[in-house]
Amino acid sequence: FRSLWQRSATAVAIARASGQTIIATGGSGVQLIASFAQNIVAGNMISVQAAHTLSGNFTYTDSLGNSFVEDIVRFNSGAAEGKAALASIKNILTGGTCQITLDFSGSSDTMGMTAEEYSGLNGAALDQSAGGDSGAGSGTAATTAAMPNTTLADALLVATITNSFDGAPYTWGGSFSTLADNDPGRMGSGDRIVSAIGAYSGAATLSNSVKWCAVVAAYVTFTAPPPNLIDPAILI
């Protein structure tokens with residue numbers, strides 16, 4: 001059977017918190033640290049986009065003890081360089097003054113991080129994700145594959161692209177808005193708030209023909225029904 005949980009999704013006013021976008025960049029072997037300008041709010045969501053140009057793994061922490069999950073990561077194995085990742089705190093448990101730390105275990109001549117706070121996603125969940133890369137070639141049209149259809153109409157889409165040479169500016173397509181052009185970090189990030197179920201992708205035009213790697217994720221939120229509440233009409 002299916003419970004009412006699967007029918008209890010509600011439309012929410014998803015929004016990017018004003019003034020709550022941070023950017024950090026660095027070179028090989030560094031730890032990136034950046035702080036939000038305002039206190040983060042319990043129940044909101046934090047999205048972090050991370051990029052580096054060679055090989056290694058990311059670890060994400062915040063100064064308040066909230067837990068991150070890396071939602072999708074893509075390494076351009078065809079070019080043996082470039083990694084793009086999305087991570088998030090989907091339901092902030094502890095609000096207040098917040099510092100984000102990105103640790104990197106590997107080698108990279110350039111790495112970058114951007115992060116944002118979103119409201120209207122209390123109880124958020126990763127819904128779908130997809131990636132793409134240029135392989136051994138290069139180009140100016142960077143795009144992910146299309147994600148499977150989103151589960152719900154109301155969703156937050158977040159995308160990031162890293163590249164081998166050129167940074168800003170990125171010209172985002174598909175109704176995405178620019179979150180941050182992190183030129184020193186060789187990355188750019190965009191977001192889009194949608195209100196229709198669809199198989200979305202993330203795409204941007206780069207200002208030079210370069211090797212690139214891209215990821216996109218969709219986040220939705222649910223309102224849970226009372227425990228053990230079953231709708232007999234949908235028993236199967």
# chains A, B, ... in the order shown; residues from 1 in each chain; ligands from 1
call {"tool": "closest_atom_pairs", "arguments": {"of": "region 179-227 of chain A", "to": "region 18-34 of chain A", "cutoff": "9 Å", "atoms": "only C-alpha atoms", "output": "Markdown table"}}
result
| residue | atom | partner | partner_atom | distance |
| --- | --- | --- | --- | --- |
| A:Leu179 | CA | A:Thr21 | CA | 7.6 |
| A:Ala180 | CA | A:Ile23 | CA | 7.5 |
| A:Asp181 | CA | A:Ile23 | CA | 8.9 |
| A:Asn182 | CA | A:Ile23 | CA | 6.9 |
| A:Asp183 | CA | A:Thr25 | CA | 8.8 |
| A:Pro184 | CA | A:Thr25 | CA | 6.2 |
| A:Gly185 | CA | A:Thr25 | CA | 5.1 |
| A:Arg186 | CA | A:Thr25 | CA | 8.9 |
call {"tool": "residues_around", "arguments": {"residues": "region 146-149 of chain A", "least_positions_apart": "5", "cutoff": "8 Å", "atoms": "only C-alpha atoms", "output": "PyMOL selection string"}}
result
chain A and resi 128-130+197-202
call {"tool": "closest_atom_pairs", "arguments": {"of": "region 143-213 of chain A", "to": "region 79-93 of chain A", "cutoff": "8 Å", "atoms": "only C-alpha atoms", "output": "JSON lines"}}
result
{"residue": "A:Ala159", "atom": "CA", "partner": "A:Leu86", "partner_atom": "CA", "distance": 7.8}
{"residue": "A:Thr160", "atom": "CA", "partner": "A:Ala84", "partner_atom": "CA", "distance": 6.7}
{"residue": "A:Ile161", "atom": "CA", "partner": "A:Ala84", "partner_atom": "CA", "distance": 6.3}
{"residue": "A:Thr162", "atom": "CA", "partner": "A:Ala84", "partner_atom": "CA", "distance": 5.9}
{"residue": "A:Asn163", "atom": "CA", "partner": "A:Gly82", "partner_atom": "CA", "distance": 6.5}
{"residue": "A:Ser164", "atom": "CA", "partner": "A:Gly82", "partner_atom": "CA", "distance": 6.7}
{"residue": "A:Lys211", "atom": "CA", "partner": "A:Ala79", "partner_atom": "CA", "distance": 7.3}
{"residue": "A:Trp212", "atom": "CA", "partner": "A:Gly82", "partner_atom": "CA", "distance": 6.9}
{"residue": "A:Cys213", "atom": "CA", "partner": "A:Ala84", "partner_atom": "CA", "distance": 6.2}
call {"tool": "write_last_selection", "arguments": {"atoms": "all heavy atoms", "output": "PDB file, in the first residue's frame"}}
result
ATOM      1  N   ALA A 159      22.628  24.363 -10.045  1.00  0.00           N
ATOM      2  CA  ALA A 159      23.616  23.811 -10.971  1.00  0.00           C
ATOM      3  C   ALA A 159      24.954  24.497 -10.769  1.00  0.00           C
ATOM      4  O   ALA A 159      25.016  25.667 -10.362  1.00  0.00           O
ATOM      5  CB  ALA A 159      23.156  23.992 -12.416  1.00  0.00           C
ATOM      6  N   THR A 160      26.028  23.779 -11.041  1.00  0.00           N
ATOM      7  CA  THR A 160      27.357  24.383 -11.043  1.00  0.00           C
ATOM      8  C   THR A 160      28.194  23.779 -12.152  1.00  0.00           C
ATOM      9  O   THR A 160      28.013  22.613 -12.527  1.00  0.00           O
ATOM     10  CB  THR A 160      28.051  24.243  -9.672  1.00  0.00           C
ATOM     11  OG1 THR A 160      29.172  25.120  -9.622  1.00  0.00           O
ATOM     12  CG2 THR A 160      28.515  22.819  -9.427  1.00  0.00           C
ATOM     13  N   ILE A 161      29.092  24.588 -12.691  1.00  0.00           N
ATOM     14  CA  ILE A 161      29.974  24.175 -13.785  1.00  0.00           C
ATOM     15  C   ILE A 161      31.389  24.595 -13.433  1.00  0.00           C
ATOM     16  O   ILE A 161      31.622  25.723 -12.979  1.00  0.00           O
ATOM     17  CB  ILE A 161      29.555  24.828 -15.115  1.00  0.00           C
ATOM     18  CG1 ILE A 161      28.138  24.390 -15.508  1.00  0.00           C
ATOM     19  CG2 ILE A 161      30.538  24.466 -16.232  1.00  0.00           C
ATOM     20  CD1 ILE A 161      27.562  25.147 -16.691  1.00  0.00           C
ATOM     21  N   THR A 162      32.338  23.695 -13.613  1.00  0.00           N
ATOM     22  CA  THR A 162      33.746  24.035 -13.491  1.00  0.00           C
ATOM     23  C   THR A 162      34.409  23.863 -14.849  1.00  0.00           C
ATOM     24  O   THR A 162      33.927  23.113 -15.698  1.00  0.00           O
ATOM     25  CB  THR A 162      34.449  23.160 -12.440  1.00  0.00           C
ATOM     26  OG1 THR A 162      35.806  23.592 -12.294  1.00  0.00           O
ATOM     27  CG2 THR A 162      34.438  21.690 -12.831  1.00  0.00           C
ATOM     28  N   ASN A 163      35.504  24.578 -15.062  1.00  0.00           N
ATOM     29  CA  ASN A 163      36.171  24.506 -16.365  1.00  0.00           C
ATOM     30  C   ASN A 163      37.671  24.585 -16.208  1.00  0.00           C
ATOM     31  O   ASN A 163      38.185  24.941 -15.147  1.00  0.00           O
ATOM     32  CB  ASN A 163      35.655  25.613 -17.288  1.00  0.00           C
ATOM     33  CG  ASN A 163      35.943  26.978 -16.748  1.00  0.00           C
ATOM     34  OD1 ASN A 163      37.063  27.456 -16.810  1.00  0.00           O
ATOM     35  ND2 ASN A 163      34.926  27.622 -16.185  1.00  0.00           N
ATOM     36  N   SER A 164      38.382  24.251 -17.283  1.00  0.00           N
ATOM     37  CA  SER A 164      39.831  24.085 -17.213  1.00  0.00           C
ATOM     38  C   SER A 164      40.613  25.378 -17.371  1.00  0.00           C
ATOM     39  O   SER A 164      41.814  25.408 -17.131  1.00  0.00           O
ATOM     40  CB  SER A 164      40.279  23.092 -18.298  1.00  0.00           C
ATOM     41  OG  SER A 164      39.934  23.583 -19.589  1.00  0.00           O
ATOM     42  N   LYS A 211      37.624  22.748 -21.569  1.00  0.00           N
ATOM     43  CA  LYS A 211      37.099  21.523 -20.979  1.00  0.00           C
ATOM     44  C   LYS A 211      36.216  21.922 -19.793  1.00  0.00           C
ATOM     45  O   LYS A 211      36.532  22.849 -19.060  1.00  0.00           O
ATOM     46  CB  LYS A 211      38.239  20.618 -20.519  1.00  0.00           C
ATOM     47  CG  LYS A 211      39.149  20.140 -21.648  1.00  0.00           C
ATOM     48  CD  LYS A 211      40.268  19.279 -21.095  1.00  0.00           C
ATOM     49  CE  LYS A 211      41.150  18.752 -22.220  1.00  0.00           C
ATOM     50  NZ  LYS A 211      41.926  19.833 -22.879  1.00  0.00           N
ATOM     51  N   TRP A 212      35.116  21.189 -19.597  1.00  0.00           N
ATOM     52  CA  TRP A 212      34.187  21.566 -18.545  1.00  0.00           C
ATOM     53  C   TRP A 212      33.522  20.336 -17.921  1.00  0.00           C
ATOM     54  O   TRP A 212      33.540  19.243 -18.490  1.00  0.00           O
ATOM     55  CB  TRP A 212      33.103  22.512 -19.077  1.00  0.00           C
ATOM     56  CG  TRP A 212      32.362  21.984 -20.285  1.00  0.00           C
ATOM     57  CD1 TRP A 212      32.651  22.221 -21.593  1.00  0.00           C
ATOM     58  CD2 TRP A 212      31.243  21.078 -20.279  1.00  0.00           C
ATOM     59  NE1 TRP A 212      31.785  21.538 -22.403  1.00  0.00           N
ATOM     60  CE2 TRP A 212      30.910  20.834 -21.636  1.00  0.00           C
ATOM     61  CE3 TRP A 212      30.491  20.487 -19.275  1.00  0.00           C
ATOM     62  CZ2 TRP A 212      29.853  19.991 -21.992  1.00  0.00           C
ATOM     63  CZ3 TRP A 212      29.445  19.645 -19.628  1.00  0.00           C
ATOM     64  CH2 TRP A 212      29.132  19.406 -20.983  1.00  0.00           C
ATOM     65  N   CYS A 213      32.926  20.563 -16.751  1.00  0.00           N
ATOM     66  CA  CYS A 213      32.213  19.517 -16.015  1.00  0.00           C
ATOM     67  C   CYS A 213      31.043  20.187 -15.307  1.00  0.00           C
ATOM     68  O   CYS A 213      31.196  21.277 -14.734  1.00  0.00           O
ATOM     69  CB  CYS A 213      33.162  18.879 -15.010  1.00  0.00           C
ATOM     70  SG  CYS A 213      32.515  17.422 -14.177  1.00  0.00           S
TER      71      CYS A 213
END
call {"tool": "closest_residue", "arguments": {"among": "A:Val48, A:Phe68, A:Tyr60, A:Thr101", "to": "Ser35 (chain A)", "atoms": "only C-alpha atoms"}}
result
A:Thr101
call {"tool": "select_by_dssp", "arguments": {"residues": "region 3-218 of chain A", "states": "strand (DSSP E or B)", "output": "count of residues only"}}
result
125
call {"tool": "residues_around", "arguments": {"residues": "Gly120 (chain A)", "least_positions_apart": "3", "cutoff": "10 Å", "atoms": "only C-alpha atoms", "output": "VMD selection string"}}
result
chain A and resid 11 to 17 43 to 45 123 to 124 156 220 to 221
call {"tool": "write_last_selection", "arguments": {"atoms": "N, CA, C and O atoms", "output": "short mmCIF file (atom, residue, chain, number, x, y, z; two decimals), in the first residue's frame"}}
result
data_model
loop_
_atom_site.label_atom_id
_atom_site.label_comp_id
_atom_site.auth_asym_id
_atom_site.auth_seq_id
_atom_site.Cartn_x
_atom_site.Cartn_y
_atom_site.Cartn_z
N ALA A 11 2.60 22.92 -1.91
CA ALA A 11 3.35 23.99 -2.55
C ALA A 11 3.90 24.92 -1.49
O ALA A 11 3.23 25.25 -0.52
N VAL A 12 5.15 25.33 -1.65
CA VAL A 12 5.80 26.22 -0.71
C VAL A 12 6.43 27.37 -1.47
O VAL A 12 6.72 27.27 -2.65
N ALA A 13 6.65 28.46 -0.76
CA ALA A 13 7.28 29.63 -1.38
C ALA A 13 8.78 29.51 -1.23
O ALA A 13 9.39 30.00 -0.27
N ILE A 14 9.41 28.81 -2.16
CA ILE A 14 10.86 28.64 -2.15
C ILE A 14 11.51 29.96 -2.56
O ILE A 14 11.10 30.59 -3.52
N ALA A 15 12.54 30.37 -1.82
CA ALA A 15 13.20 31.64 -2.14
C ALA A 15 14.65 31.61 -1.68
O ALA A 15 14.97 30.98 -0.66
N ARG A 16 15.51 32.27 -2.42
CA ARG A 16 16.90 32.45 -2.01
C ARG A 16 16.94 33.59 -0.98
O ARG A 16 16.38 34.66 -1.21
N ALA A 17 17.59 33.36 0.15
CA ALA A 17 17.68 34.38 1.19
C ALA A 17 18.53 35.55 0.70
O ALA A 17 19.65 35.35 0.24
N GLY A 43 15.59 25.45 9.96
CA GLY A 43 14.53 25.04 9.05
C GLY A 43 14.81 25.38 7.61
O GLY A 43 14.19 24.82 6.71
N ASN A 44 15.74 26.32 7.37
CA ASN A 44 16.12 26.64 5.99
C ASN A 44 17.09 25.60 5.44
O ASN A 44 17.47 24.65 6.12
N MET A 45 17.51 25.81 4.21
CA MET A 45 18.44 24.90 3.53
C MET A 45 19.68 25.67 3.09
O MET A 45 19.59 26.84 2.69
N GLY A 123 12.19 20.52 5.62
CA GLY A 123 11.96 19.12 5.30
C GLY A 123 12.38 18.77 3.90
O GLY A 123 11.86 17.83 3.29
N ALA A 124 13.33 19.51 3.34
CA ALA A 124 13.75 19.31 1.95
C ALA A 124 14.37 17.94 1.73
O ALA A 124 14.94 17.34 2.64
N LEU A 156 13.38 23.41 -6.24
CA LEU A 156 14.56 24.26 -6.42
C LEU A 156 15.58 23.50 -7.23
O LEU A 156 15.93 22.37 -6.89
N VAL A 220 13.03 19.17 -3.35
CA VAL A 220 11.60 19.37 -3.08
C VAL A 220 11.37 19.23 -1.59
O VAL A 220 12.25 18.80 -0.84
N THR A 221 10.18 19.59 -1.14
CA THR A 221 9.84 19.47 0.27
C THR A 221 8.47 18.84 0.43
O THR A 221 7.59 19.03 -0.40
#
call {"tool": "residues_around", "arguments": {"residues": "Ala153 (chain A)", "least_positions_apart": "4", "cutoff": "7 Å", "atoms": "only C-alpha atoms", "output": "ChimeraX atom specification"}}
result
/A:194-197
call {"tool": "write_last_selection", "arguments": {"atoms": "N, CA and C atoms", "output": "CSV table (one decimal), in the first residue's frame"}}
result
chain,number,residue,atom,x,y,z
A,194,VAL,N,11.1,26.2,-10.0
A,194,VAL,CA,10.2,25.8,-10.9
A,194,VAL,C,8.8,25.5,-10.3
A,195,SER,N,7.8,25.5,-11.1
A,195,SER,CA,6.4,25.2,-10.5
A,195,SER,C,5.7,24.2,-11.4
A,196,ALA,N,6.5,23.4,-12.2
A,196,ALA,CA,5.9,22.4,-13.0
A,196,ALA,C,6.8,21.1,-13.0
A,197,ILE,N,6.2,20.0,-13.0
A,197,ILE,CA,7.0,18.7,-13.1
A,197,ILE,C,7.7,18.7,-14.5
call {"tool": "residues_around", "arguments": {"residues": "region 171-178 of chain A", "least_positions_apart": "6", "cutoff": "7 Å", "atoms": "only C-alpha atoms", "output": "list in words"}}
result
Ser189, Gly190, Asp191, Arg192, Ala203, Ala204, Thr205 and Leu206 of chain A
call {"tool": "closest_residue", "arguments": {"among": "A:Leu121, A:Ala42, A:Ala214, A:Met111", "to": "Thr144 (chain A)", "atoms": "only C-alpha atoms"}}
result
A:Ala214
call {"tool": "atom_distance", "arguments": {"atom1": "CA of Thr114 (chain A)", "atom2": "CA of Thr150 (chain A)"}}
result
24.4 Å
call {"tool": "closest_residue", "arguments": {"among": "A:Ala218, A:Met187, A:Ile40, A:Val210", "to": "Leu152 (chain A)", "atoms": "only C-alpha atoms"}}
result
A:Ala218
call {"tool": "decode", "arguments": {"residues": "region 71-93 of chain A", "atoms": "N, CA and C atoms", "output": "tab-separated table (two decimals), in the first residue's frame"}}
result
chain	number	residue	atom	x	y	z
A	71	ASP	N	25.38	15.71	-2.58
A	71	ASP	CA	24.23	15.22	-3.35
A	71	ASP	C	24.61	14.66	-4.72
A	72	ILE	N	25.59	15.25	-5.36
A	72	ILE	CA	26.07	14.75	-6.64
A	72	ILE	C	27.47	15.26	-6.88
A	73	VAL	N	28.31	14.44	-7.48
A	73	VAL	CA	29.66	14.85	-7.84
A	73	VAL	C	29.98	14.27	-9.22
A	74	ARG	N	30.69	15.03	-10.03
A	74	ARG	CA	31.05	14.59	-11.38
A	74	ARG	C	32.50	14.92	-11.65
A	75	PHE	N	33.28	13.92	-12.09
A	75	PHE	CA	34.68	14.11	-12.45
A	75	PHE	C	34.83	13.89	-13.94
A	76	ASN	N	35.49	14.81	-14.61
A	76	ASN	CA	35.69	14.68	-16.05
A	76	ASN	C	36.83	13.72	-16.33
A	77	SER	N	36.51	12.42	-16.34
A	77	SER	CA	37.54	11.40	-16.54
A	77	SER	C	38.11	11.43	-17.94
A	78	GLY	N	37.31	11.90	-18.90
A	78	GLY	CA	37.79	11.97	-20.27
A	78	GLY	C	38.94	12.95	-20.43
A	79	ALA	N	38.93	14.00	-19.61
A	79	ALA	CA	40.00	14.99	-19.67
A	79	ALA	C	40.99	14.83	-18.53
A	80	ALA	N	40.70	13.88	-17.62
A	80	ALA	CA	41.53	13.64	-16.44
A	80	ALA	C	41.71	14.91	-15.62
A	81	GLU	N	40.69	15.75	-15.60
A	81	GLU	CA	40.74	16.96	-14.79
A	81	GLU	C	39.33	17.54	-14.65
A	82	GLY	N	39.11	18.24	-13.57
A	82	GLY	CA	37.86	18.95	-13.37
A	82	GLY	C	36.83	18.13	-12.61
A	83	LYS	N	36.36	18.68	-11.50
A	83	LYS	CA	35.36	18.03	-10.69
A	83	LYS	C	34.37	19.07	-10.20
A	84	ALA	N	33.09	18.77	-10.34
A	84	ALA	CA	32.02	19.66	-9.87
A	84	ALA	C	31.14	18.89	-8.89
A	85	ALA	N	30.72	19.55	-7.82
A	85	ALA	CA	29.93	18.87	-6.79
A	85	ALA	C	28.89	19.81	-6.19
A	86	LEU	N	27.79	19.21	-5.74
A	86	LEU	CA	26.75	19.92	-4.99
A	86	LEU	C	26.55	19.22	-3.66
A	87	ALA	N	26.52	19.99	-2.58
A	87	ALA	CA	26.25	19.46	-1.26
A	87	ALA	C	25.22	20.35	-0.57
A	88	SER	N	24.60	19.84	0.48
A	88	SER	CA	23.55	20.64	1.12
A	88	SER	C	23.32	20.23	2.57
A	89	ILE	N	22.85	21.20	3.34
A	89	ILE	CA	22.20	20.95	4.62
A	89	ILE	C	20.72	21.13	4.33
A	90	LYS	N	19.96	20.07	4.30
A	90	LYS	CA	18.58	20.15	3.80
A	90	LYS	C	17.59	20.68	4.85
A	91	ASN	N	17.95	20.63	6.09
A	91	ASN	CA	17.08	21.16	7.14
A	91	ASN	C	17.99	21.64	8.26
A	92	ILE	N	18.29	22.94	8.28
A	92	ILE	CA	19.18	23.49	9.29
A	92	ILE	C	18.59	23.25	10.68
A	93	LEU	N	19.34	22.56	11.52
A	93	LEU	CA	18.87	22.29	12.88
A	93	LEU	C	19.26	23.41	13.84
